[in-house]
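Reading through the C-alpha cells given below for one structure.
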Amino acid sequence: MFNTILVALDGSPAGQYALNRAIEMAKAGNTKLHAAYVVETGLFSSLPTDNTVEIMYNVLQKEGEAVIDKAKTEAASHGVTLITHLKFGHAGSEIIALADTIKADLVIVGSHGKSQTDRLLIGSVSTFIVTHSKVSTMVVRS
C-alpha cells in the first residue's frame, strides 16, 4: 500500500473521479491524503500586468479555494482527513514539486481537464505528470 497520496484537483469531472479513487485508497490503506489545486499562472504571462490580470488571478484563486473546500467536505464525509494545497504556476510542475516535498509515493490525476481549450492552451497536465514524475502515477478516466 501507499503511505502518502497526492491527488490533483481542477474542478473537472475527471478530477472528481480522481478524488473519489484517492479517498477509496486512503481509507483502505490508512494513508495520508493530500490534494492540490494549481492556479495556472502561465495563461496570462504574456499580458501586461494590470488590474485586469489581477482580477483574473483572484477569480481563479477563488475557484481553486471552492474546489478544495468541496474536496475536504467530500473526504470528511468518508472519514478521511484531506490536507490541501493551493499552488500557483504550471500545474504539472507544481504537482511534481509538491509530490517531492510531501514525499508522496503515488500521484493521482484525472485523464483530462475542464475543457479541450484548456488542453490546447496548457497541454495535458496528466501527460506531463506521467512523463516527468519520479513516483508512481495513476491516471483515472471518467
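In the C-alpha cells, the first chain shown is A, the next is B, and so on; residue numbers restart at 1 for each chain, and ligands run from 1 in the order shown.
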
Name the residues of chain A that come out as strand (DSSP E) in a backbone DSSP run; write them as a VMD selection string.
-> chain A and resid 4 to 9 32 to 40 82 to 89 106 to 110 136 to 140

Serialized selection, C-alpha atoms, as a short mmCIF file (atom, residue, chain, number, x, y, z; two decimals), in the first residue's frame:
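What follows is the written file out-v2.cif:
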data_model
loop_
_atom_site.label_atom_id
_atom_site.label_comp_id
_atom_site.auth_asym_id
_atom_site.auth_seq_id
_atom_site.Cartn_x
_atom_site.Cartn_y
_atom_site.Cartn_z
CA THR A 4 1.20 9.30 1.08
CA ILE A 5 -1.07 10.02 -1.89
CA LEU A 6 -1.32 13.33 -3.74
CA VAL A 7 -4.39 13.92 -5.89
CA ALA A 8 -4.53 16.76 -8.41
CA LEU A 9 -7.78 18.71 -8.46
CA LYS A 32 -2.11 10.32 4.29
CA LEU A 33 -4.09 12.07 1.58
CA HIS A 34 -3.07 15.40 0.08
CA ALA A 35 -4.90 17.33 -2.64
CA ALA A 36 -3.60 20.19 -4.74
CA TYR A 37 -5.24 22.76 -6.96
CA VAL A 38 -2.90 24.79 -9.15
CA VAL A 39 -3.83 28.21 -10.48
CA GLU A 40 -2.23 28.25 -13.94
CA LEU A 82 -7.55 15.75 3.45
CA ILE A 83 -4.50 18.00 3.57
CA THR A 84 -4.92 20.67 0.90
CA HIS A 85 -2.54 22.85 -1.10
CA LEU A 86 -3.30 25.82 -3.34
CA LYS A 87 -0.39 26.48 -5.70
CA PHE A 88 0.39 28.96 -8.47
CA GLY A 89 2.38 28.17 -11.60
CA LEU A 106 1.56 7.97 -5.55
CA VAL A 107 0.13 10.84 -7.59
CA ILE A 108 -3.44 10.52 -8.85
CA VAL A 109 -4.70 12.69 -11.70
CA GLY A 110 -7.78 12.84 -13.88
CA SER A 136 4.06 6.16 -9.48
CA THR A 137 1.20 7.97 -11.18
CA MET A 138 -2.37 6.79 -11.60
CA VAL A 139 -4.49 8.35 -14.33
CA VAL A 140 -8.20 7.97 -13.58
#

Write out as a list in words each polymer residue whose atoms come within 6 Å of range 64-70 of chain A, counting only C-alpha atoms; drop sequence neighbours fewer than 3 positions from it.
->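 Close residues of range 64-70 of chain A: Gly11, Tyr37, Gln61 and Thr73 of chain A.
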
Between A:Ser142, A:Ser124, A:Asn3, A:Ser77, which is the closest to Asp105 in chain A once you count only C-alpha atoms?
->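 Nearest candidate to Asp105 in chain A out of A:Ser142, A:Ser124, A:Asn3, A:Ser77: A:Asn3.
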
Contact residues around Gly92 in chain A with only C-alpha atoms at 7 Å, ignoring same-chain residues under 2 positions, as a PyMOL selection string = chain A and resi 90+94-96+125+128-129

Would you mind writing down, as a PyMOL selection string, each residue of chain A that DSSP on the backbone assigns to alpha helix (DSSP H)?
-> chain A and resi 13-29+51-77+91-101+116-122+125-132

Work out how far apart CA of Leu98 in chain A and CA of His132 in chain A are and give it in Å to one decimal.
-> 13.0 Å
